[in-house]
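Source file: upload_17.cif; contents: mmCIF, C-alpha atoms and all ligand atoms.
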```cif
data_start
#
loop_
_atom_site.label_atom_id
_atom_site.label_comp_id
_atom_site.auth_asym_id
_atom_site.auth_seq_id
_atom_site.Cartn_x
_atom_site.Cartn_y
_atom_site.Cartn_z
CA MET N 16 120.23 66.59 36.02
CA PRO N 17 118.52 67.30 32.66
CA LYS N 18 121.08 68.28 30.02
CA ARG N 19 119.53 71.72 29.59
CA ILE N 20 120.16 72.68 33.25
CA GLN N 21 123.43 70.78 33.61
CA SER N 22 125.04 72.47 30.63
CA PHE N 23 124.06 75.88 31.99
CA PHE N 24 126.50 75.45 34.88
CA GLN N 25 129.26 73.71 32.97
CA PRO N 26 132.53 75.54 32.31
CA ILE N 27 133.21 76.41 28.66
CA SER N 28 134.56 73.28 27.04
CA LYS N 29 134.49 74.19 23.35
CA LYS N 30 137.96 74.37 21.79
CA PRO N 31 138.80 76.89 19.09
CA LYS N 32 138.22 75.28 15.68
CA LEU N 33 141.72 76.10 14.38
CA GLN N 34 144.84 75.11 16.29
CA SER N 35 147.26 77.48 14.51
CA SER N 36 147.36 81.12 15.60
CA PRO N 37 147.35 83.58 12.70
CA ASP N 38 148.43 87.19 13.13
CA LEU N 39 145.18 88.83 14.18
CA SER N 40 146.62 92.31 13.62
CA GLN N 41 146.43 91.69 9.85
CA PRO N 42 143.09 92.07 8.05
CA PRO N 43 141.75 88.73 6.82
CA GLN N 44 142.16 87.89 3.13
CA ASN N 45 138.64 86.64 2.53
CA HIS N 46 135.28 85.96 4.13
CA GLU N 47 136.19 82.42 5.16
CA GLU N 48 139.26 83.61 7.06
CA ALA N 49 137.17 86.26 8.79
CA GLU N 50 134.77 83.56 9.98
CA ASN N 51 137.64 81.45 11.33
CA GLU N 52 139.09 84.43 13.14
CA VAL N 53 135.86 84.90 15.04
CA ASP N 54 136.14 81.29 16.21
CA LEU N 55 139.67 81.83 17.48
CA LEU N 56 138.95 84.76 19.78
CA PRO N 57 138.02 84.02 23.37
CA PRO N 58 134.26 84.19 23.82
CA THR N 59 132.73 86.12 26.71
CA HIS N 60 130.96 83.72 28.97
CA HIS N 61 128.87 84.37 32.04
CA PRO N 62 126.69 82.06 34.12
CA THR N 63 123.63 84.08 33.07
CA TYR N 64 124.25 83.48 29.32
CA PRO N 65 122.79 80.37 27.69
CA PHE N 66 126.02 80.01 25.64
CA PRO N 67 129.32 81.94 25.23
CA ILE N 68 129.28 85.09 23.06
CA ALA N 69 132.41 85.79 20.98
CA ASP N 70 134.28 89.10 21.06
CA LEU N 71 134.28 91.30 17.96
CA PRO N 72 137.06 90.47 15.51
CA PRO N 73 139.46 93.41 14.87
CA GLN N 74 138.07 94.01 11.37
CA ILE N 75 134.83 95.10 13.07
CA SER N 76 136.11 96.61 16.36
CA ASN N 77 138.82 98.73 14.69
CA PRO N 78 136.50 100.68 12.37
CA LEU N 79 134.05 101.14 15.29
CA SER N 80 136.67 103.04 17.27
CA ASN N 81 136.49 106.09 14.96
CA ILE N 82 132.85 106.25 13.83
CA SER N 83 132.27 109.49 15.76
CA SER N 84 134.51 111.47 13.42
CA LEU N 85 132.84 110.34 10.18
CA ASN N 86 129.37 111.89 9.65
CA PRO N 87 127.86 114.61 11.86
CA PRO N 88 124.18 114.02 12.75
CA LYS N 89 121.18 116.01 11.47
CA PRO N 90 119.21 117.53 14.37
CA ILE N 91 115.44 117.15 13.80
CA THR N 92 113.58 119.59 16.02
CA ASN N 93 111.16 121.19 13.55
CA HIS N 94 108.02 119.69 15.17
CA PRO N 95 106.50 120.36 18.60
CA HIS N 96 108.28 118.45 21.42
CA LEU N 97 110.47 116.52 18.97
CA ASP N 98 114.22 116.28 19.57
CA LEU N 99 116.02 113.77 17.35
CA LEU N 100 119.55 113.31 16.11
CA TYR N 101 119.63 111.45 12.81
CA PHE N 102 122.98 109.84 11.97
CA GLU N 103 122.96 108.55 8.39
CA HIS N 104 125.72 105.94 7.91
CA LEU N 105 127.07 106.30 11.46
CA ILE N 106 128.71 102.94 10.73
CA PRO N 107 130.16 102.51 7.21
CA PRO N 108 128.18 99.96 5.11
CA LYS N 109 130.85 97.21 5.05
CA THR N 110 131.41 97.32 8.82
CA ALA N 111 127.64 97.52 9.45
CA LYS N 112 127.10 94.40 7.32
CA SER N 113 129.81 92.44 9.18
CA LEU N 114 128.44 93.62 12.54
CA PHE N 115 124.92 92.52 11.54
CA THR N 116 126.15 89.06 10.52
CA PHE N 117 128.27 88.75 13.68
CA LEU N 118 125.52 89.77 16.15
CA ARG N 119 122.84 87.65 14.46
CA LYS N 120 125.17 84.63 14.77
CA GLU N 121 126.40 85.27 18.31
CA LEU N 122 123.52 86.59 20.42
CA PRO N 123 120.86 84.49 22.15
CA PHE N 124 117.36 85.55 21.10
CA TYR N 125 113.88 84.98 22.52
CA ARG N 126 110.33 85.02 21.17
CA VAL N 127 108.56 86.28 24.28
CA GLN N 128 104.94 85.48 25.12
CA TYR N 129 103.06 87.15 27.94
CA THR N 130 99.54 87.79 29.15
CA THR N 131 97.95 91.19 29.70
CA ARG N 132 94.88 91.74 31.83
CA ARG N 133 92.38 94.55 31.34
CA GLY N 134 89.59 94.12 33.91
CA PRO N 135 88.30 90.57 33.50
CA THR N 136 89.82 90.13 30.01
CA GLU N 137 93.12 88.28 29.61
CA THR N 138 94.98 88.56 26.29
CA LYS N 139 97.89 86.36 25.27
CA ILE N 140 100.54 88.40 23.42
CA ASN N 141 103.11 86.87 21.07
CA THR N 142 105.86 89.48 20.65
CA PRO N 143 106.13 89.84 16.85
CA ARG N 144 109.96 89.84 16.68
CA PHE N 145 112.98 88.23 18.35
CA THR N 146 114.39 90.12 21.34
CA THR N 147 117.24 89.95 23.83
CA VAL N 148 118.61 92.24 26.56
CA PHE N 149 121.75 92.87 28.61
CA GLY N 150 122.44 95.28 31.47
CA VAL N 151 121.29 96.36 34.90
CA ASP N 152 119.78 99.58 36.29
CA ALA N 153 121.84 102.29 38.00
CA THR N 154 121.31 100.93 41.56
CA SER N 155 123.61 97.98 40.71
CA HIS N 156 126.59 97.34 38.48
CA PHE N 157 128.84 94.55 37.26
CA THR N 158 132.45 94.49 38.33
CA ARG N 159 135.49 92.44 37.39
CA SER N 160 138.28 91.78 39.89
CA PRO N 161 141.70 90.16 39.36
CA ASP N 162 140.57 87.13 41.44
CA SER N 163 137.36 86.76 39.47
CA PRO N 164 137.44 87.68 35.76
CA THR N 165 133.71 86.83 35.58
CA PRO N 166 131.74 90.06 36.05
CA THR N 167 129.97 90.02 39.42
CA LEU N 168 126.74 91.88 40.17
CA LEU N 169 127.09 94.36 43.05
CA ASP N 170 124.67 96.73 44.71
CA SER N 171 126.03 100.22 43.94
CA LYS N 172 125.43 101.47 47.53
CA THR N 173 126.70 98.54 49.63
CA LEU N 174 129.23 97.28 47.02
CA LYS N 175 128.07 93.78 48.01
CA PRO N 176 126.01 91.32 45.97
CA PRO N 177 122.40 92.54 46.07
CA PRO N 178 120.04 90.75 48.48
CA PHE N 179 118.36 87.88 46.62
CA GLN N 180 114.93 89.57 46.79
CA LYS N 181 116.19 92.65 44.92
CA TYR N 182 115.75 91.03 41.49
CA LYS N 183 113.41 88.23 40.41
CA CYS N 184 115.25 88.14 37.06
CA LYS N 185 118.94 87.37 36.53
CA PRO N 186 120.61 90.53 35.14
CA ARG N 187 123.21 89.81 32.43
CA PRO N 188 126.36 91.89 31.90
CA LEU N 189 126.88 93.34 28.40
CA PRO N 190 129.06 90.91 26.44
CA THR N 191 132.32 92.50 25.28
CA CYS N 192 131.01 92.92 21.70
CA LEU N 193 128.06 95.06 22.85
CA GLU N 194 130.19 96.91 25.41
CA THR N 195 132.52 97.97 22.55
CA LEU N 196 129.51 99.18 20.58
CA ARG N 197 128.05 100.99 23.62
CA LEU N 198 131.30 102.92 24.10
CA ALA N 199 131.47 103.83 20.39
CA VAL N 200 127.84 105.06 20.45
CA GLN N 201 128.38 107.04 23.67
CA THR N 202 131.40 108.77 22.13
CA ALA N 203 129.60 109.44 18.82
CA THR N 204 126.64 111.00 20.62
CA ASN N 205 128.72 112.91 23.18
CA HIS N 206 126.68 111.18 25.89
CA PRO N 207 127.44 112.42 29.45
CA LYS N 208 129.92 110.08 31.17
CA GLU N 209 128.19 110.49 34.56
CA THR N 210 125.00 108.84 33.29
CA PRO N 211 126.17 106.07 30.96
CA TYR N 212 123.75 103.82 29.10
CA ASN N 213 123.32 100.75 31.29
CA PHE N 214 121.00 98.71 29.05
CA CYS N 215 121.25 97.27 25.61
CA LEU N 216 118.00 95.95 24.09
CA VAL N 217 118.23 94.07 20.81
CA ASN N 218 115.39 93.36 18.35
CA TYR N 219 115.69 91.00 15.39
CA TYR N 220 113.03 91.45 12.71
CA ALA N 221 113.36 88.24 10.70
CA SER N 222 110.97 89.33 7.93
CA GLY N 223 108.41 91.96 6.98
CA SER N 224 105.90 90.18 9.27
CA ASP N 225 107.99 91.13 12.31
CA SER N 226 107.28 94.57 13.75
CA ILE N 227 106.95 96.80 16.79
CA SER N 228 103.68 98.67 17.19
CA TYR N 229 103.35 102.36 18.09
CA HIS N 230 104.66 102.95 21.62
CA SER N 231 106.85 105.35 23.54
CA ASP N 232 109.73 104.45 25.83
CA ASP N 233 108.47 106.73 28.56
CA GLU N 234 108.40 104.39 31.56
CA ARG N 235 109.13 106.01 34.93
CA PHE N 236 112.10 103.67 35.47
CA LEU N 237 113.96 105.60 32.72
CA GLY N 238 113.61 108.90 34.60
CA ALA N 239 112.41 112.17 33.03
CA ASN N 240 113.22 112.92 29.36
CA PRO N 241 115.32 109.80 28.68
CA THR N 242 117.86 109.72 25.84
CA ILE N 243 117.60 106.55 23.74
CA ALA N 244 120.13 105.76 21.01
CA SER N 245 118.72 103.36 18.40
CA LEU N 246 121.03 101.72 15.86
CA SER N 247 119.87 99.88 12.72
CA LEU N 248 121.75 97.02 11.03
CA GLY N 249 120.73 94.88 8.07
CA ALA N 250 117.54 95.35 6.03
CA LYS N 251 116.16 98.83 5.50
CA ARG N 252 112.88 99.32 7.41
CA ASP N 253 110.60 102.32 7.90
CA PHE N 254 110.71 103.95 11.34
CA LEU N 255 107.51 105.95 11.90
CA LEU N 256 106.83 108.68 14.44
CA LYS N 257 103.54 110.38 15.29
CA HIS N 258 102.56 112.84 18.03
CA LYS N 259 100.48 111.50 20.92
CA PRO N 260 96.78 112.56 20.74
CA GLY N 261 96.35 116.29 21.27
CA ILE N 262 98.51 117.76 18.52
CA GLU N 263 98.14 117.07 14.79
CA ALA N 264 101.80 117.22 13.76
CA GLY N 265 101.62 114.67 10.91
CA ALA N 266 103.53 111.38 10.86
CA LEU N 267 107.25 111.26 10.08
CA LYS N 268 108.95 108.43 8.20
CA PHE N 269 112.66 107.53 8.31
CA PRO N 270 113.67 104.65 6.01
CA LEU N 271 116.46 103.44 8.31
CA ALA N 272 119.31 101.71 6.50
CA SER N 273 122.11 99.51 7.84
CA GLY N 274 124.48 101.61 9.99
CA ASP N 275 121.97 104.47 10.56
CA MET N 276 121.21 105.66 14.10
CA VAL N 277 118.41 107.78 15.55
CA VAL N 278 118.85 109.31 19.00
CA MET N 279 115.58 110.28 20.69
CA ARG N 280 116.03 112.97 23.31
CA GLY N 281 114.32 115.53 25.55
CA GLU N 282 110.52 115.55 25.46
CA THR N 283 110.30 113.14 22.51
CA GLN N 284 109.22 110.07 24.53
CA SER N 285 106.59 111.90 26.56
CA ASN N 286 104.99 113.39 23.43
CA TRP N 287 105.64 111.09 20.47
CA LEU N 288 105.00 107.43 19.58
CA HIS N 289 107.26 105.39 17.31
CA SER N 290 106.92 102.08 15.43
CA ILE N 291 108.38 99.73 12.83
CA PRO N 292 105.28 98.60 10.85
CA LYS N 293 104.96 95.27 9.06
CA ARG N 294 105.96 95.40 5.40
CA LYS N 295 105.42 93.27 2.29
CA GLY N 296 108.31 92.85 -0.19
CA GLY N 297 111.42 95.04 -0.19
CA GLU N 298 114.51 93.91 1.70
CA ALA N 299 112.68 93.10 4.98
CA GLY N 300 113.13 89.35 4.37
CA LEU N 301 116.91 89.71 4.74
CA GLY N 302 116.46 90.46 8.47
CA ARG N 303 117.09 93.59 10.49
CA ILE N 304 118.73 94.10 13.88
CA ASN N 305 117.89 97.12 16.03
CA ILE N 306 119.93 97.92 19.12
CA THR N 307 118.77 100.51 21.63
CA PHE N 308 121.05 101.87 24.35
CA ARG N 309 119.25 103.37 27.32
CA ARG N 310 119.64 104.07 31.03
CA ALA N 311 117.26 102.62 33.63
CA VAL N 312 117.51 104.23 37.05
CA VAL N 313 115.64 101.81 39.36
CA PRO N 314 115.29 97.99 39.70
CA GLY N 315 111.78 98.09 38.17
CA GLY N 316 113.46 98.80 34.83
CA THR N 317 115.64 95.70 35.12
CA GLU N 318 112.63 93.48 35.96
CA ASN N 319 110.59 94.95 33.11
CA TYR N 320 113.30 94.60 30.46
CA TYR N 321 114.11 90.95 31.28
CA ARG N 322 110.41 90.05 31.57
CA TYR N 323 109.59 91.40 28.11
CA ASN N 324 112.83 90.73 26.21
CA VAL N 325 114.00 87.37 27.64
CA GLY N 326 110.85 85.99 29.29
CA ASP N 327 110.50 82.37 30.32
CA GLY N 328 110.42 80.51 26.99
CA GLY N 329 113.11 78.89 24.82
CA VAL N 330 116.38 80.31 23.49
CA TYR N 331 116.83 80.86 19.75
CA ARG N 332 120.07 81.04 17.80
CA TRP N 333 120.78 81.84 14.16
CA CYS N 334 121.34 78.71 12.05
CA GLU N 335 123.32 79.58 8.91
CA GLU N 336 122.48 76.28 7.16
CA GLU N 337 118.74 76.79 7.58
CA GLY N 338 118.90 80.58 7.20
CA ARG N 339 116.64 81.14 10.23
CA MET N 340 116.53 81.29 14.03
CA VAL N 341 116.18 77.83 15.59
CA GLU N 342 115.33 76.93 19.18
CA VAL N 343 118.43 75.54 20.93
CA ASP N 344 119.43 73.95 24.24
CA SER N 345 121.05 76.37 26.67
CA ASP N 346 124.53 75.31 25.48
CA GLY N 347 123.71 76.56 21.98
CA ASP N 348 123.23 73.14 20.31
CA GLY N 349 120.17 72.43 18.21
CA LYS N 350 117.28 70.84 20.12
CA GLY N 351 117.02 67.07 19.87
CA SER N 352 120.78 66.52 19.46
CA ASP N 353 121.22 65.05 22.97
CA GLN N 354 123.75 62.22 23.16
CA ASP N 355 121.67 60.26 25.67
CA GLY N 356 118.67 60.09 23.35
CA SER N 357 116.36 62.30 25.39
CA VAL N 358 114.64 65.05 23.43
O1 LIG R 401 113.50 98.74 15.72
C1 LIG R 401 113.47 99.95 15.91
O2 LIG R 401 114.02 100.76 15.18
C2 LIG R 401 112.72 100.50 17.12
C3 LIG R 401 112.75 99.64 18.33
C4 LIG R 401 112.06 100.25 19.50
O3 LIG R 401 111.37 101.21 19.38
C5 LIG R 401 112.22 99.67 20.84
O4 LIG R 401 112.86 98.63 20.99
O5 LIG R 401 111.69 100.27 21.80
FE FE R 402 110.90 102.10 21.30
#
```

Could you take the file, read its structure, and then write that structure out as structure tokens?
Amino acid sequence: MPKRIQSFFQPISKKPKLQSSPDLSQPPQNHEEAENEVDLLPPTHHPTYPFPIADLPPQISNPLSNISSLNPPKPITNHPHLDLLYFEHLIPPKTAKSLFTFLRKELPFYRVQYTTRRGPTETKINTPRFTTVFGVDATSHFTRSPDSPTPTLLDSKTLKPPPFQKYKCKPRPLPTCLETLRLAVQTATNHPKETPYNFCLVNYYASGSDSISYHSDDERFLGANPTIASLSLGAKRDFLLKHKPGIEAGALKFPLASGDMVVMRGETQSNWLHSIPKRKGGEAGLGRINITFRRAVVPGGTENYYRYNVGDGGVYRWCEEEGRMVEVDSDGDGKGSDQDGSV
């Protein structure tokens, strides 16, 4: 079996780097200790992940548990059909920086390519940013049982694994680190418990050349008037909004900083477009992570999100030594490092 496929099915074999067990209830003394602590915690693994994803260390998860009580949001409703909540510094700067570094290091990313067809014309699209996604629409859910600590995908009606034709893609459960963040964001935004966010989409803008063009998240699989919570970590980037053709409302600009969150609600998606334009200079080169939490209601949403955020190309992982994303084998090792000499 080629190494790439074989390693996908292998149990986790990596040992923690340190053998001693420090008291994790104490804050670490310095950056190096914090890094080692991350290595000591059990990673979340799942057969759908290309490599295990560590849990948040307490120095990040503890501050996240009380973000809702820190800064109340500014409602922005002074334009037609616009309904935003703007949380400046939802996450305090130090925690936001650690969370950015942690997620960039731990998550698998993709550089998705796809083809669009308009009449006879085919266009090859290179998504101009790194993306990844976790979650499943409301007709299914992941469950853990005492006999099987690995989350299992179940159909929400039959409570059995969905028939194989239900999904072409392989839905991935949220790793514990993103589940912790999802709960913190739901609490901070007073999101209704009956309709929890079931998707987490992550963008990584490596430099000012990475971007997302004007669009709205108004697909039918999100239902009417979807609420989308969008968290920024890392480099400050401009988030632009403009009304769809028909009303001249003027463009709005939010220079989103690390730890800021914008919640788009009500009629916003059906009437407004948003984007992160390319930028020269500034802090863009330091990299920015954006995380959106949303709720898809039908399987079409699951297919769409995995198609356009995971796709069928290679997996990328942050390489600290090189200071960039590098393509890796599915066990997280750099490409070309095979023991048997095959590349
Ligand atoms: O990066 C951002 O702030 C926006 C991302 C976005 O609009 C999306 O993923 O749909
Ligand atoms: Fe969007």

**Message:** What residues of the protein or nucleic acid chains come within 7 Å of ligand FE 402 (chain R) when you use all atoms listed in the file? Reply as a ChimeraX atom specification.
**Reply:** /N:230-232,289

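Distance check against Arg310 (chain N) using only C-alpha atoms: of N:Phe236, N:Tyr229, N:Tyr323, N:Tyr212, the minimum falls on N:Tyr212.
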
**Request:** Extract, using all atoms listed in the file, all DNA, RNA and protein residues at most 10 Å from Pro211 (chain N), discarding same-chain residues fewer than 3 positions from it, and format them as a ChimeraX atom specification.
**Result:** /N:153,197-198,201,206-208,214,308-311

Residues as selected, C-alpha atoms, written as a PDB file, in the coordinates of the input, can you do that?
```
ATOM      1  CA  ALA N 153     121.840 102.290  38.000  1.00  0.00           C
ATOM      2  CA  ARG N 197     128.050 100.990  23.620  1.00  0.00           C
ATOM      3  CA  LEU N 198     131.300 102.920  24.100  1.00  0.00           C
ATOM      4  CA  GLN N 201     128.380 107.040  23.670  1.00  0.00           C
ATOM      5  CA  HIS N 206     126.680 111.180  25.890  1.00  0.00           C
ATOM      6  CA  PRO N 207     127.440 112.420  29.450  1.00  0.00           C
ATOM      7  CA  LYS N 208     129.920 110.080  31.170  1.00  0.00           C
ATOM      8  CA  PHE N 214     121.000  98.710  29.050  1.00  0.00           C
ATOM      9  CA  PHE N 308     121.050 101.870  24.350  1.00  0.00           C
ATOM     10  CA  ARG N 309     119.250 103.370  27.320  1.00  0.00           C
ATOM     11  CA  ARG N 310     119.640 104.070  31.030  1.00  0.00           C
ATOM     12  CA  ALA N 311     117.260 102.620  33.630  1.00  0.00           C
TER      13      ALA N 311
END
```

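Using only C-alpha atoms and all ligand atoms as the basis for the distance check, residues found within 7 Å of ligand LIG 401 (chain R) are Leu216, Asn218, Ile227, Asp232, Ser245, Ser247, Phe254, His289, Ser290, Ile291, Asn305 and Thr307 of chain N.
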
**Prompt:** Using all atoms listed in the file, which of N:Asn213, N:Asn240, N:Thr158, N:Thr147 sits nearest Ile306 (chain N)?
**Reply:**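 Among N:Asn213, N:Asn240, N:Thr158, N:Thr147, it is N:Thr147 that comes nearest to Ile306 (chain N).
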
Which polymer residues have any atom within 10 Å of an atom of Pro90 (chain N), counting all atoms listed in the file, with same-chain residues fewer than 5 positions away left out, as a CSV table (one decimal) with C-alpha atoms, keeping the file's coordinate frame?
```csv
chain,number,residue,atom,x,y,z
N,97,LEU,CA,110.5,116.5,19.0
N,98,ASP,CA,114.2,116.3,19.6
N,99,LEU,CA,116.0,113.8,17.4
N,100,LEU,CA,119.6,113.3,16.1
N,101,TYR,CA,119.6,111.4,12.8
N,102,PHE,CA,123.0,109.8,12.0
N,277,VAL,CA,118.4,107.8,15.6
N,278,VAL,CA,118.8,109.3,19.0
```

**Item:** Residues within 12 Å of Arg322 (chain N), only C-alpha atoms, excluding chain neighbours under 6 positions, as a list in words
**Value:** Tyr125, Arg126, Val127, Gln128, Tyr129, Thr130, Thr142, Thr146, Thr147, Val148, Tyr182, Lys183, Cys184, Lys185, Pro186, Gly315, Gly316 and Gly328 of chain N

Filtering to C-alpha atoms, could you give me those residues as a short mmCIF file (atom, residue, chain, number, x, y, z; two decimals), in the frame of the given file?
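Contents of the output file selection-v5.cif:
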```cif
data_model
loop_
_atom_site.label_atom_id
_atom_site.label_comp_id
_atom_site.auth_asym_id
_atom_site.auth_seq_id
_atom_site.Cartn_x
_atom_site.Cartn_y
_atom_site.Cartn_z
CA TYR N 125 113.88 84.98 22.52
CA ARG N 126 110.33 85.02 21.17
CA VAL N 127 108.56 86.28 24.28
CA GLN N 128 104.94 85.48 25.12
CA TYR N 129 103.06 87.15 27.94
CA THR N 130 99.54 87.79 29.15
CA THR N 142 105.86 89.48 20.65
CA THR N 146 114.39 90.12 21.34
CA THR N 147 117.24 89.95 23.83
CA VAL N 148 118.61 92.24 26.56
CA TYR N 182 115.75 91.03 41.49
CA LYS N 183 113.41 88.23 40.41
CA CYS N 184 115.25 88.14 37.06
CA LYS N 185 118.94 87.37 36.53
CA PRO N 186 120.61 90.53 35.14
CA GLY N 315 111.78 98.09 38.17
CA GLY N 316 113.46 98.80 34.83
CA GLY N 328 110.42 80.51 26.99
#
```

**Interatomic distance (Å, one decimal) between CA of Pro188 (chain N) and CA of Gly150 (chain N)** =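 We find that CA of Pro188 (chain N) and CA of Gly150 (chain N) lie 5.2 Å from each other.
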
**Request:** Work out how far CA of Ala244 (chain N) is from CA of Asn286 (chain N), in Å to one decimal.
**Result:** 17.1 Å

Could you check which residues have any atom within 6 Å of (129.1, 111.6, 14.4), counting only C-alpha atoms with coordinates taken straight from the file, and then list them as a PDB file with C-alpha atoms, in the frame of the given file?
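Written out: selection-v8.pdb:
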```pdb
ATOM      1  CA  SER N  83     132.270 109.490  15.760  1.00  0.00           C
ATOM      2  CA  SER N  84     134.510 111.470  13.420  1.00  0.00           C
ATOM      3  CA  LEU N  85     132.840 110.340  10.180  1.00  0.00           C
ATOM      4  CA  ASN N  86     129.370 111.890   9.650  1.00  0.00           C
ATOM      5  CA  PRO N  87     127.860 114.610  11.860  1.00  0.00           C
ATOM      6  CA  PRO N  88     124.180 114.020  12.750  1.00  0.00           C
ATOM      7  CA  ALA N 203     129.600 109.440  18.820  1.00  0.00           C
TER       8      ALA N 203
END
```

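What separates CA of Ile243 (chain N) from CA of Ala266 (chain N) is a distance of 19.7 Å.
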
How big is the axis-aligned box around the listed atoms of region 133-147 of chain N once 5 Å is added on each side, and where is its centre? Give both in Å to one decimal, as AutoDock Vina command-line options.
```
--center_x 102.8 --center_y 90.5 --center_z 25.3 --size_x 38.9 --size_y 18.2 --size_z 27.2
```

**Message:** Applying 9 Å and all atoms listed in the file, which residues near Gly349 (chain N) remain after dropping the ones on its own chain fewer than 6 positions away? List them as a PyMOL selection string.
**Reply:** chain N and resi 332+334+341-343

**Message:** For a quick check of understanding, using all atoms listed in the file, which of N:Asn141, N:Pro95, N:Pro166, N:Asn319 has the smallest distance to Glu263 (chain N)?
**Reply:**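 Closest to Glu263 (chain N), using all atoms listed in the file: N:Pro95.
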
**Request:** Can you pull out every residue within 12 Å of Asp170 (chain N), counting only C-alpha atoms, but drop anything in the same chain fewer than 4 positions away, and send it as number ranges by chain?
**Result:** N: 151-158, 174-179, 181-182, 313-314

**Fill in**
Between N:Thr59, N:Gly300, N:Phe117, N:Phe124, smallest distance to Asp327 (chain N) by all atoms listed in the file belongs to N:Phe124
